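Undergrad: Input structure: target-v4.cif, which contains mmCIF, C-alpha atoms and all ligand atoms.
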```
data_input
loop_
_atom_site.group_PDB
_atom_site.id
_atom_site.type_symbol
_atom_site.label_atom_id
_atom_site.label_comp_id
_atom_site.auth_asym_id
_atom_site.auth_seq_id
_atom_site.Cartn_x
_atom_site.Cartn_y
_atom_site.Cartn_z
ATOM 1 C CA MET A 1 12.342 6.323 10.648
ATOM 2 C CA ASN A 2 8.620 7.094 10.673
ATOM 3 C CA ILE A 3 7.912 4.721 7.828
ATOM 4 C CA ARG A 4 4.218 5.469 7.529
ATOM 5 C CA ALA A 5 5.133 9.047 6.658
ATOM 6 C CA PRO A 6 5.756 9.957 3.038
ATOM 7 C CA ILE A 7 9.019 8.598 1.697
ATOM 8 C CA TYR A 8 10.821 11.418 -0.031
ATOM 9 C CA ALA A 9 13.479 9.377 -1.773
ATOM 10 C CA SER A 10 16.717 11.123 -2.491
ATOM 11 C CA THR A 11 16.873 9.151 -5.717
ATOM 12 C CA PRO A 12 15.549 10.684 -8.943
ATOM 13 C CA ARG A 13 11.820 10.549 -9.702
ATOM 14 C CA TYR A 14 12.438 7.610 -11.989
ATOM 15 C CA SER A 15 14.498 4.939 -10.308
ATOM 16 C CA ASN A 16 16.668 2.635 -12.416
ATOM 17 C CA LEU A 17 15.950 4.721 -15.492
ATOM 18 C CA THR A 18 18.131 5.020 -18.511
ATOM 19 C CA THR A 19 17.998 7.872 -21.035
ATOM 20 C CA ARG A 20 16.612 5.505 -23.639
ATOM 21 C CA ASN A 21 13.302 4.963 -21.855
ATOM 22 C CA TYR A 22 13.051 8.306 -20.009
ATOM 23 C CA ASN A 23 9.744 9.162 -21.702
ATOM 24 C CA ALA A 24 8.387 5.675 -21.603
ATOM 25 C CA ILE A 25 7.441 5.434 -17.931
ATOM 26 C CA GLY A 26 5.500 7.901 -15.770
ATOM 27 C CA ALA A 27 4.263 9.722 -18.864
ATOM 28 C CA ASP A 28 0.600 8.662 -18.625
ATOM 29 C CA ASN A 29 -1.854 9.378 -15.827
ATOM 30 C CA TYR A 30 -0.603 6.513 -13.701
ATOM 31 C CA ALA A 31 0.367 7.055 -10.075
ATOM 32 C CA ILE A 32 2.170 3.706 -9.904
ATOM 33 C CA GLU A 33 3.998 1.903 -12.700
ATOM 34 C CA SER A 34 6.388 -0.970 -12.823
ATOM 35 C CA ARG A 35 7.960 -2.401 -15.951
ATOM 36 C CA SER A 36 9.602 -5.804 -16.022
ATOM 37 C CA VAL A 37 10.619 -5.538 -12.384
ATOM 38 C CA SER A 38 12.624 -8.390 -10.932
ATOM 39 C CA TYR A 39 14.113 -8.862 -7.495
ATOM 40 C CA SER A 40 16.438 -11.622 -6.359
ATOM 41 C CA ILE A 41 18.197 -12.424 -3.136
ATOM 42 C CA LYS A 42 21.287 -14.522 -2.428
ATOM 43 C CA ASN A 43 20.626 -17.381 -0.042
ATOM 44 C CA GLU A 44 23.026 -18.620 2.674
ATOM 45 C CA ARG A 45 24.842 -20.795 0.111
ATOM 46 C CA GLY A 46 25.332 -17.822 -2.237
ATOM 47 C CA LYS A 47 22.729 -19.057 -4.707
ATOM 48 C CA VAL A 48 20.628 -16.360 -6.418
ATOM 49 C CA VAL A 49 16.927 -16.875 -5.639
ATOM 50 C CA PRO A 50 14.392 -14.933 -7.719
ATOM 51 C CA ILE A 51 11.526 -13.523 -5.627
ATOM 52 C CA ILE A 52 9.904 -11.072 -8.074
ATOM 53 C CA LYS A 53 9.959 -12.075 -11.739
ATOM 54 C CA ASP A 54 9.423 -9.625 -14.587
ATOM 55 C CA CYS A 55 6.448 -7.823 -12.993
ATOM 56 C CA SER A 56 4.657 -5.060 -14.884
ATOM 57 C CA LEU A 57 1.652 -3.081 -13.674
ATOM 58 C CA ASN A 58 -0.031 0.320 -14.119
ATOM 59 C CA ILE A 59 -2.292 1.896 -11.501
ATOM 60 C CA PRO A 60 -4.271 4.963 -12.564
ATOM 61 C CA SER A 61 -4.135 8.060 -10.416
ATOM 62 C CA GLY A 62 -6.907 8.498 -7.800
ATOM 63 C CA GLN A 63 -7.922 4.810 -7.719
ATOM 64 C CA PHE A 64 -8.042 2.132 -5.017
ATOM 65 C CA TRP A 65 -6.305 -1.050 -6.226
ATOM 66 C CA MET A 66 -5.622 -4.347 -4.529
ATOM 67 C CA LEU A 67 -2.631 -6.640 -4.872
ATOM 68 C CA LEU A 68 -3.610 -10.255 -4.205
ATOM 69 C CA GLY A 69 -2.106 -13.691 -4.301
ATOM 70 C CA PRO A 70 -1.339 -16.750 -2.200
ATOM 71 C CA ASN A 71 1.027 -16.655 0.788
ATOM 72 C CA GLY A 72 4.632 -16.186 -0.231
ATOM 73 C CA CYS A 73 3.913 -15.152 -3.852
ATOM 74 C CA GLY A 74 5.814 -11.861 -3.425
ATOM 75 C CA LYS A 75 3.130 -9.231 -2.676
ATOM 76 C CA SER A 76 4.951 -7.561 0.230
ATOM 77 C CA THR A 77 8.277 -7.652 -1.589
ATOM 78 C CA LEU A 78 6.763 -5.940 -4.645
ATOM 79 C CA LEU A 79 5.071 -3.356 -2.390
ATOM 80 C CA LYS A 80 8.404 -2.620 -0.688
ATOM 81 C CA ILE A 81 10.005 -2.117 -4.105
ATOM 82 C CA LEU A 82 7.232 0.351 -5.011
ATOM 83 C CA ALA A 83 7.793 2.093 -1.660
ATOM 84 C CA GLY A 84 11.508 2.445 -2.425
ATOM 85 C CA LEU A 85 12.408 0.296 0.597
ATOM 86 C CA LEU A 86 13.978 -2.342 -1.680
ATOM 87 C CA SER A 87 15.765 -1.712 -4.974
ATOM 88 C CA PRO A 88 14.754 -3.904 -7.904
ATOM 89 C CA THR A 89 17.459 -6.119 -9.376
ATOM 90 C CA ASP A 90 16.094 -5.276 -12.822
ATOM 91 C CA GLY A 91 13.327 -3.224 -14.430
ATOM 92 C CA PHE A 92 11.826 0.224 -13.919
ATOM 93 C CA VAL A 93 9.596 1.722 -11.237
ATOM 94 C CA TYR A 94 7.680 4.982 -11.082
ATOM 95 C CA VAL A 95 5.587 5.961 -8.047
ATOM 96 C CA ARG A 96 4.197 9.469 -7.621
ATOM 97 C CA LYS A 97 5.569 11.247 -4.545
ATOM 98 C CA PRO A 98 5.204 11.750 -1.698
ATOM 99 C CA ARG A 99 4.345 8.106 -1.087
ATOM 100 C CA SER A 100 3.665 6.358 2.214
ATOM 101 C CA TYR A 101 4.030 2.771 3.355
ATOM 102 C CA VAL A 102 1.797 1.513 6.183
ATOM 103 C CA PHE A 103 2.685 -1.753 7.948
ATOM 104 C CA GLN A 104 0.316 -4.580 8.766
ATOM 105 C CA ASN A 105 0.779 -4.578 12.555
ATOM 106 C CA PRO A 106 -1.293 -1.719 14.033
ATOM 107 C CA ASP A 107 0.892 -1.652 17.154
ATOM 108 C CA HIS A 108 3.925 -0.743 15.055
ATOM 109 C CA GLN A 109 2.247 2.340 13.603
ATOM 110 C CA VAL A 110 1.352 4.653 16.419
ATOM 111 C CA VAL A 111 4.121 6.319 18.372
ATOM 112 C CA MET A 112 2.680 9.229 20.383
ATOM 113 C CA PRO A 113 0.426 9.237 23.470
ATOM 114 C CA THR A 114 -2.712 10.772 21.908
ATOM 115 C CA VAL A 115 -4.345 10.526 18.503
ATOM 116 C CA GLU A 116 -3.827 14.239 17.836
ATOM 117 C CA ALA A 117 -0.128 14.148 18.799
ATOM 118 C CA ASP A 118 0.417 10.995 16.775
ATOM 119 C CA VAL A 119 -1.069 12.383 13.568
ATOM 120 C CA ALA A 120 0.804 15.670 14.024
ATOM 121 C CA PHE A 121 4.079 13.787 14.689
ATOM 122 C CA GLY A 122 5.499 14.037 11.165
ATOM 123 C CA LEU A 123 4.595 17.702 10.689
ATOM 124 C CA GLY A 124 7.429 19.033 12.866
ATOM 125 C CA ARG A 125 9.759 19.460 9.896
ATOM 126 C CA PHE A 126 7.278 21.599 7.898
ATOM 127 C CA ASN A 127 7.507 24.750 10.011
ATOM 128 C CA LEU A 128 3.721 25.180 10.247
ATOM 129 C CA THR A 129 1.826 27.418 12.683
ATOM 130 C CA ASN A 130 -0.245 25.774 15.430
ATOM 131 C CA ASP A 131 -3.456 26.601 13.575
ATOM 132 C CA GLU A 132 -2.159 25.128 10.323
ATOM 133 C CA THR A 133 -1.101 21.958 12.143
ATOM 134 C CA LYS A 134 -4.505 21.614 13.844
ATOM 135 C CA LEU A 135 -6.321 22.176 10.553
ATOM 136 C CA ARG A 136 -4.267 19.553 8.711
ATOM 137 C CA VAL A 137 -4.680 17.025 11.546
ATOM 138 C CA ALA A 138 -8.453 17.638 11.654
ATOM 139 C CA LYS A 139 -8.743 17.174 7.877
ATOM 140 C CA ALA A 140 -6.736 13.944 7.881
ATOM 141 C CA LEU A 141 -8.646 12.480 10.848
ATOM 142 C CA THR A 142 -11.980 13.425 9.267
ATOM 143 C CA ALA A 143 -11.002 11.632 6.053
ATOM 144 C CA VAL A 144 -10.501 8.369 7.972
ATOM 145 C CA GLY A 145 -13.535 8.896 10.250
ATOM 146 C CA MET A 146 -11.449 9.391 13.419
ATOM 147 C CA TYR A 147 -11.910 13.083 14.214
ATOM 148 C CA ASP A 148 -14.035 12.293 17.303
ATOM 149 C CA TYR A 149 -11.037 10.444 18.756
ATOM 150 C CA LEU A 150 -8.710 13.478 18.638
ATOM 151 C CA GLN A 151 -7.837 13.456 22.357
ATOM 152 C CA ARG A 152 -7.976 9.687 22.898
ATOM 153 C CA PRO A 153 -4.872 7.906 24.269
ATOM 154 C CA VAL A 154 -3.694 5.689 21.404
ATOM 155 C CA GLN A 155 -3.402 2.603 23.627
ATOM 156 C CA THR A 156 -7.195 2.661 24.101
ATOM 157 C CA LEU A 157 -7.869 2.277 20.340
ATOM 158 C CA SER A 158 -8.773 -0.947 18.561
ATOM 159 C CA GLY A 159 -6.418 -2.356 15.908
ATOM 160 C CA GLY A 160 -8.525 -0.934 13.070
ATOM 161 C CA GLN A 161 -8.705 2.482 14.712
ATOM 162 C CA LYS A 162 -4.901 2.468 15.067
ATOM 163 C CA GLN A 163 -4.600 1.635 11.363
ATOM 164 C CA ARG A 164 -6.893 4.543 10.513
ATOM 165 C CA VAL A 165 -4.776 6.874 12.694
ATOM 166 C CA ALA A 166 -1.661 5.604 10.884
ATOM 167 C CA ILE A 167 -3.300 6.375 7.521
ATOM 168 C CA ALA A 168 -4.200 9.863 8.814
ATOM 169 C CA GLY A 169 -0.526 10.253 9.771
ATOM 170 C CA ALA A 170 0.385 9.638 6.124
ATOM 171 C CA LEU A 171 -2.380 11.879 4.736
ATOM 172 C CA VAL A 172 -1.473 14.783 7.002
ATOM 173 C CA GLU A 173 1.821 15.026 5.106
ATOM 174 C CA GLN A 174 -0.172 15.193 1.879
ATOM 175 C CA CYS A 175 1.027 11.915 0.484
ATOM 176 C CA LYS A 176 -0.126 11.106 -3.056
ATOM 177 C CA VAL A 177 0.297 7.330 -2.937
ATOM 178 C CA LEU A 178 -0.643 5.044 -0.028
ATOM 179 C CA LEU A 179 1.042 1.634 -0.042
ATOM 180 C CA LEU A 180 -0.842 -0.493 2.482
ATOM 181 C CA ASP A 181 0.569 -3.870 3.484
ATOM 182 C CA GLU A 182 -2.095 -6.373 4.672
ATOM 183 C CA LEU A 183 -3.649 -3.885 7.097
ATOM 184 C CA THR A 184 -6.564 -6.166 7.931
ATOM 185 C CA THR A 185 -4.517 -9.247 8.906
ATOM 186 C CA PHE A 186 -4.842 -8.695 12.659
ATOM 187 C CA LEU A 187 -8.349 -7.188 12.588
ATOM 188 C CA ASP A 188 -11.809 -8.567 13.234
ATOM 189 C CA GLU A 189 -14.492 -8.160 10.561
ATOM 190 C CA THR A 190 -15.850 -4.814 11.844
ATOM 191 C CA ASP A 191 -12.426 -3.209 12.098
ATOM 192 C CA GLN A 192 -11.452 -4.700 8.722
ATOM 193 C CA LEU A 193 -14.417 -3.038 7.019
ATOM 194 C CA GLY A 194 -13.779 0.222 8.911
ATOM 195 C CA VAL A 195 -10.236 0.455 7.529
ATOM 196 C CA ILE A 196 -11.298 -0.359 3.954
ATOM 197 C CA LYS A 197 -14.061 2.257 4.127
ATOM 198 C CA ALA A 198 -11.613 4.785 5.576
ATOM 199 C CA VAL A 199 -9.288 4.270 2.596
ATOM 200 C CA LYS A 200 -12.203 4.527 0.135
ATOM 201 C CA ASN A 201 -13.421 7.712 1.817
ATOM 202 C CA THR A 202 -9.905 9.126 1.815
ATOM 203 C CA LEU A 203 -9.663 8.645 -1.930
ATOM 204 C CA SER A 204 -13.028 10.252 -2.622
ATOM 205 C CA SER A 205 -12.420 13.216 -0.290
ATOM 206 C CA SER A 206 -8.749 13.909 -1.035
ATOM 207 C CA GLU A 207 -7.352 15.266 -4.224
ATOM 208 C CA ASP A 208 -5.685 12.682 -6.353
ATOM 209 C CA VAL A 209 -4.591 10.154 -3.710
ATOM 210 C CA THR A 210 -3.980 6.628 -5.031
ATOM 211 C CA ALA A 211 -3.910 3.508 -2.843
ATOM 212 C CA LEU A 212 -2.463 0.046 -3.387
ATOM 213 C CA TRP A 213 -3.731 -2.422 -0.808
ATOM 214 C CA VAL A 214 -2.040 -5.801 -0.328
ATOM 215 C CA THR A 215 -4.382 -8.544 0.835
ATOM 216 C CA HIS A 216 -5.014 -12.261 0.592
ATOM 217 C CA ARG A 217 -8.731 -11.824 1.421
ATOM 218 C CA LEU A 218 -10.665 -12.303 -1.780
ATOM 219 C CA GLU A 219 -13.832 -10.744 -0.338
ATOM 220 C CA GLU A 220 -12.050 -7.363 -0.054
ATOM 221 C CA LEU A 221 -11.892 -7.199 -3.865
ATOM 222 C CA GLU A 222 -15.451 -5.881 -4.057
ATOM 223 C CA TYR A 223 -14.214 -2.495 -2.747
ATOM 224 C CA ALA A 224 -11.436 -2.143 -5.332
ATOM 225 C CA ASP A 225 -11.353 -0.148 -8.572
ATOM 226 C CA GLY A 226 -8.806 -2.572 -9.955
ATOM 227 C CA ALA A 227 -6.664 -5.518 -8.953
ATOM 228 C CA VAL A 228 -3.357 -7.207 -9.583
ATOM 229 C CA TYR A 229 -3.108 -10.945 -8.953
ATOM 230 C CA MET A 230 0.294 -12.572 -8.373
ATOM 231 C CA GLU A 231 1.492 -16.166 -8.238
ATOM 232 C CA ASP A 232 5.047 -17.381 -7.700
ATOM 233 C CA GLY A 233 6.623 -13.922 -8.022
ATOM 234 C CA LYS A 234 4.782 -13.034 -11.243
ATOM 235 C CA VAL A 235 1.854 -10.778 -12.086
ATOM 236 C CA VAL A 236 -0.598 -13.176 -13.704
ATOM 237 C CA MET A 237 -3.704 -10.934 -13.911
ATOM 238 C CA HIS A 238 -4.190 -7.185 -13.897
ATOM 239 C CA GLY A 239 -7.422 -5.184 -14.271
ATOM 240 C CA GLU A 240 -11.139 -5.474 -13.521
ATOM 241 C CA PRO A 241 -11.753 -6.848 -9.959
ATOM 242 C CA SER A 242 -14.857 -8.895 -10.876
ATOM 243 C CA VAL A 243 -13.005 -10.644 -13.718
ATOM 244 C CA ILE A 244 -10.068 -11.388 -11.420
ATOM 245 C CA MET A 245 -12.407 -12.596 -8.662
ATOM 246 C CA ASP A 246 -14.149 -15.009 -11.097
ATOM 247 C CA SER A 247 -10.842 -16.254 -12.392
ATOM 248 C CA ILE A 248 -9.449 -16.893 -8.883
ATOM 249 C CA GLU A 249 -12.659 -18.731 -7.915
ATOM 250 C CA ALA A 250 -12.349 -20.867 -11.064
ATOM 251 C CA ARG A 251 -8.689 -21.654 -10.281
ATOM 252 C CA LYS A 252 -9.648 -22.642 -6.721
ATOM 253 C CA ALA A 253 -12.485 -24.882 -7.968
ATOM 254 C CA SER A 254 -10.206 -26.610 -10.468
ATOM 255 C CA TYR A 255 -7.528 -27.100 -7.768
ATOM 256 C CA THR A 256 -10.137 -28.637 -5.414
ATOM 257 C CA ASP A 257 -11.434 -30.886 -8.219
ATOM 258 C CA ASN A 258 -7.886 -32.079 -8.925
ATOM 259 C CA ILE A 259 -7.302 -32.899 -5.256
ATOM 260 C CA ASN A 260 -10.615 -34.782 -4.992
ATOM 261 C CA SER A 261 -10.242 -36.715 -8.243
HETATM 262 N N1 LIG A 301 15.110 -11.334 2.471
HETATM 263 C C1 LIG A 301 14.606 -12.519 2.108
HETATM 264 N N2 LIG A 301 15.352 -13.634 2.227
HETATM 265 C C2 LIG A 301 14.871 -14.846 1.843
HETATM 266 N N3 LIG A 301 13.649 -15.031 1.341
HETATM 267 C C3 LIG A 301 12.862 -13.960 1.216
HETATM 268 C C4 LIG A 301 13.288 -12.654 1.586
HETATM 269 N N4 LIG A 301 12.281 -11.785 1.335
HETATM 270 C C5 LIG A 301 11.267 -12.525 0.838
HETATM 271 N N5 LIG A 301 11.620 -13.825 0.769
HETATM 272 C C6 LIG A 301 10.786 -14.935 0.269
HETATM 273 O O1 LIG A 301 10.152 -14.448 -0.896
HETATM 274 C C7 LIG A 301 8.845 -14.955 -0.998
HETATM 275 C C8 LIG A 301 7.870 -13.810 -1.107
HETATM 276 O O2 LIG A 301 7.743 -13.163 0.150
HETATM 277 P P1 LIG A 301 6.667 -12.027 0.415
HETATM 278 O O3 LIG A 301 6.692 -11.693 1.866
HETATM 279 O O4 LIG A 301 6.882 -10.921 -0.539
HETATM 280 O O5 LIG A 301 5.321 -12.799 0.041
HETATM 281 P P2 LIG A 301 3.812 -12.401 0.329
HETATM 282 O O6 LIG A 301 3.060 -12.726 -0.906
HETATM 283 O O7 LIG A 301 3.721 -10.999 0.825
HETATM 284 O O8 LIG A 301 3.440 -13.432 1.478
HETATM 285 P P3 LIG A 301 2.347 -13.342 2.665
HETATM 286 O O9 LIG A 301 1.005 -13.257 2.022
HETATM 287 O O10 LIG A 301 2.553 -14.654 3.375
HETATM 288 O O11 LIG A 301 2.692 -12.161 3.513
HETATM 289 C C9 LIG A 301 8.632 -15.836 0.215
HETATM 290 O O12 LIG A 301 8.903 -17.160 -0.137
HETATM 291 C C10 LIG A 301 9.671 -15.324 1.206
HETATM 292 O O13 LIG A 301 10.074 -16.328 2.085
#
```
With the file now loaded, output its structure as structure tokens.
TA:
Amino acid sequence: MNIRAPIYASTPRYSNLTTRNYNAIGADNYAIESRSVSYSIKNERGKVVPIIKDCSLNIPSGQFWMLLGPNGCGKSTLLKILAGLLSPTDGFVYVRKPRSYVFQNPDHQVVMPTVEADVAFGLGRFNLTNDETKLRVAKALTAVGMYDYLQRPVQTLSGGQKQRVAIAGALVEQCKVLLLDELTTFLDETDQLGVIKAVKNTLSSSEDVTALWVTHRLEELEYADGAVYMEDGKVVMHGEPSVIMDSIEARKASYTDNINS
């Protein structure tokens, strides 16, 4: 499966929804919503282990949000639930469609020999003319600042450039929600900034695309319109990035003080 391409789930628009709350979720101008979402797994001994605990969040349409938290707090698991790759054990999820999930390892994203062929890869099923395909590919590559690389063999690209091509591959299929899982993990600082700027530019140049970016790099928060901070499977803060940044810094300082005292 070309996972970076939009996920057109065969499930209804509202997963896990009962008649009772049909109007309660997805009714406002949010592209992403979760209400009291939980997710548990059974370990080797058959014991139920909660991973995501009662998580609620709302992400307004057209915005660039970040999902932060320490290693192992559940960011990727929650993102996979929002992508429809995992089903929540409990709670409700709404994500505008089509939605796309982009993996953290740039080498797992690109599948075709050239940038142009790679971005056009998912368009086969749309029955487009050659001109329409070229136009869509050009628009998507321009949005991520990679149009000049149209004919480049993908193996000659840097990690960040591959990530930007992968994002173009999602945009070309006119996805409305980008779910981006720690894209900057394997990148140096220049590539890291290039990918963040590409996502920002995508949102300002495309109509109504929303992005949720998982990261553990606090400094990336300055590019976000909003943020969700998780600890131990729970959403503990949700909203203004500067407030969340200050609060995380304060938590870190108090933790360091405790260790040193
Ligand atoms: N299928 C699974 N089986 C067992 N444990 C799991 C499974 N999936 C996730 N976990 C555990 O759930 C917790 C959350 O994992 P997750 O990958 O979502 O965290 P994360 O915040 O994205 O971490 P990181 O920042 O290190 O990538 C971790 O302790 C992980 O080991």
Undergrad: Evaluate the PyMOL selection byres (((chain A and resi 107) around 12) and not hetatm) on the structure here and hand back the selected residues as a PyMOL selection string.
TA: chain A and resi 102-106+108-112+154-166+183+186-187
Undergrad: With distances taken over all atoms listed in the file, which residue among A:Ile32, A:Met230, A:Val115, A:Leu179 lies nearest ligand LIG 301 (chain A)?
TA: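 Of the candidates, the smallest distance to ligand LIG 301 (chain A) is held by A:Met230.
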Undergrad: Write out as a short mmCIF file (atom, residue, chain, number, x, y, z; two decimals) with C-alpha atoms, in the coordinates of the input each polymer residue whose atoms come within 10 Å of Arg96 in chain A, counting all atoms listed in the file; drop sequence neighbours fewer than 3 positions from it.
TA:
```
data_model
loop_
_atom_site.label_atom_id
_atom_site.label_comp_id
_atom_site.auth_asym_id
_atom_site.auth_seq_id
_atom_site.Cartn_x
_atom_site.Cartn_y
_atom_site.Cartn_z
CA ARG A 13 11.82 10.55 -9.70
CA TYR A 14 12.44 7.61 -11.99
CA GLY A 26 5.50 7.90 -15.77
CA TYR A 30 -0.60 6.51 -13.70
CA ALA A 31 0.37 7.06 -10.07
CA ILE A 32 2.17 3.71 -9.90
CA GLU A 33 4.00 1.90 -12.70
CA SER A 61 -4.14 8.06 -10.42
CA LEU A 82 7.23 0.35 -5.01
CA ARG A 99 4.34 8.11 -1.09
CA CYS A 175 1.03 11.92 0.48
CA LYS A 176 -0.13 11.11 -3.06
CA VAL A 177 0.30 7.33 -2.94
CA VAL A 209 -4.59 10.15 -3.71
CA THR A 210 -3.98 6.63 -5.03
#
```
Undergrad: What residues come out when you apply the PyMOL selection byres (((chain A and resi 73) around 10) and not hetatm) to this file, written as a PyMOL selection string?
TA: chain A and resi 51-52+68-72+74-78+229-235
Undergrad: Here is a test: counting all atoms listed in the file, which residue of A:Leu218, A:Ala83, A:Ala168, A:Leu178 is nearest to Pro241 in chain A?
TA: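 Of A:Leu218, A:Ala83, A:Ala168, A:Leu178, the one nearest Pro241 in chain A, counting all atoms listed in the file, is A:Leu218.
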Undergrad: Applying 7 Å and all atoms listed in the file, which residues near Pro50 in chain A remain after dropping the ones on its own chain fewer than 3 positions away? List them as a PyMOL selection string.
TA: chain A and resi 39-41+53
Undergrad: Return as JSON the centre and edge lengths, in Å with one decimal, of the box along x, y and z that encloses every atom of ligand LIG 301 (chain A) in the file, padded by 3 Å per side.
TA:
```
{"center_x": 8.2, "center_y": -14.0, "center_z": 1.2, "size_x": 20.3, "size_y": 12.2, "size_z": 10.6}
```
Undergrad: Given the PyMOL selection byres (((chain A and resi 88) around 6) and not hetatm) and the file above, list the residues it selects as a ChimeraX atom specification.
TA: /A:38-39,87,89-90
Undergrad: If I take CA of Met245 in chain A and atom O6 of ligand LIG 301 (chain A), how far is one from the other in Å, to one decimal?
TA: 17.3 Å
Undergrad: When distances are computed from only C-alpha atoms, which of A:Val228, A:Ile196, A:Ala120, A:Cys55 shows the smallest separation from Ile244 in chain A?
TA: A:Val228
Undergrad: Which value, in Å to one decimal, gives the distance between CA of Met237 in chain A and CA of Leu57 in chain A?
TA: 9.5 Å
Undergrad: Can you measure CA of Asn58 in chain A to CA of Tyr94 in chain A for me? One decimal in Å is fine.
TA: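 These two atoms are separated by 9.5 Å.
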Undergrad: Put range 45-60 of chain A into a file with N, CA and C atoms, as a compact mmCIF listing (two decimals), in the first residue's frame.
TA:
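Result saved to decode32.txt:
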```
# COMPACT_ATOMS: atom_id res chain seq x y z
N ARG A 45 1.58 -11.85 27.96
CA ARG A 45 0.93 -12.62 29.03
C ARG A 45 -0.59 -12.42 29.04
N GLY A 46 -1.10 -11.73 28.00
CA GLY A 46 -2.55 -11.53 27.90
C GLY A 46 -3.07 -10.38 28.74
N LYS A 47 -2.15 -9.60 29.31
CA LYS A 47 -2.58 -8.48 30.15
C LYS A 47 -2.85 -7.26 29.25
N VAL A 48 -3.97 -6.57 29.54
CA VAL A 48 -4.31 -5.38 28.76
C VAL A 48 -3.44 -4.20 29.21
N VAL A 49 -2.74 -3.60 28.22
CA VAL A 49 -1.85 -2.47 28.55
C VAL A 49 -2.38 -1.22 27.84
N PRO A 50 -2.81 -0.21 28.61
CA PRO A 50 -3.28 1.02 27.96
C PRO A 50 -2.12 1.82 27.37
N ILE A 51 -2.27 2.26 26.12
CA ILE A 51 -1.23 3.06 25.47
C ILE A 51 -1.73 4.50 25.32
N ILE A 52 -2.96 4.65 24.85
CA ILE A 52 -3.58 5.97 24.71
C ILE A 52 -4.76 6.02 25.68
N LYS A 53 -4.80 7.11 26.49
CA LYS A 53 -5.77 7.15 27.58
C LYS A 53 -6.65 8.39 27.48
N ASP A 54 -7.88 8.20 27.04
CA ASP A 54 -8.90 9.25 27.11
C ASP A 54 -8.43 10.57 26.46
N CYS A 55 -7.94 10.47 25.23
CA CYS A 55 -7.37 11.66 24.57
C CYS A 55 -8.41 12.41 23.75
N SER A 56 -8.52 13.71 24.01
CA SER A 56 -9.41 14.57 23.23
C SER A 56 -8.60 15.71 22.65
N LEU A 57 -8.87 16.03 21.39
CA LEU A 57 -8.24 17.20 20.75
C LEU A 57 -9.08 17.67 19.58
N ASN A 58 -8.92 18.98 19.25
CA ASN A 58 -9.59 19.58 18.09
C ASN A 58 -8.56 20.36 17.31
N ILE A 59 -8.46 20.14 16.01
CA ILE A 59 -7.51 20.90 15.20
C ILE A 59 -8.27 21.62 14.08
N PRO A 60 -8.24 22.96 14.13
CA PRO A 60 -9.02 23.72 13.14
C PRO A 60 -8.51 23.50 11.72
```
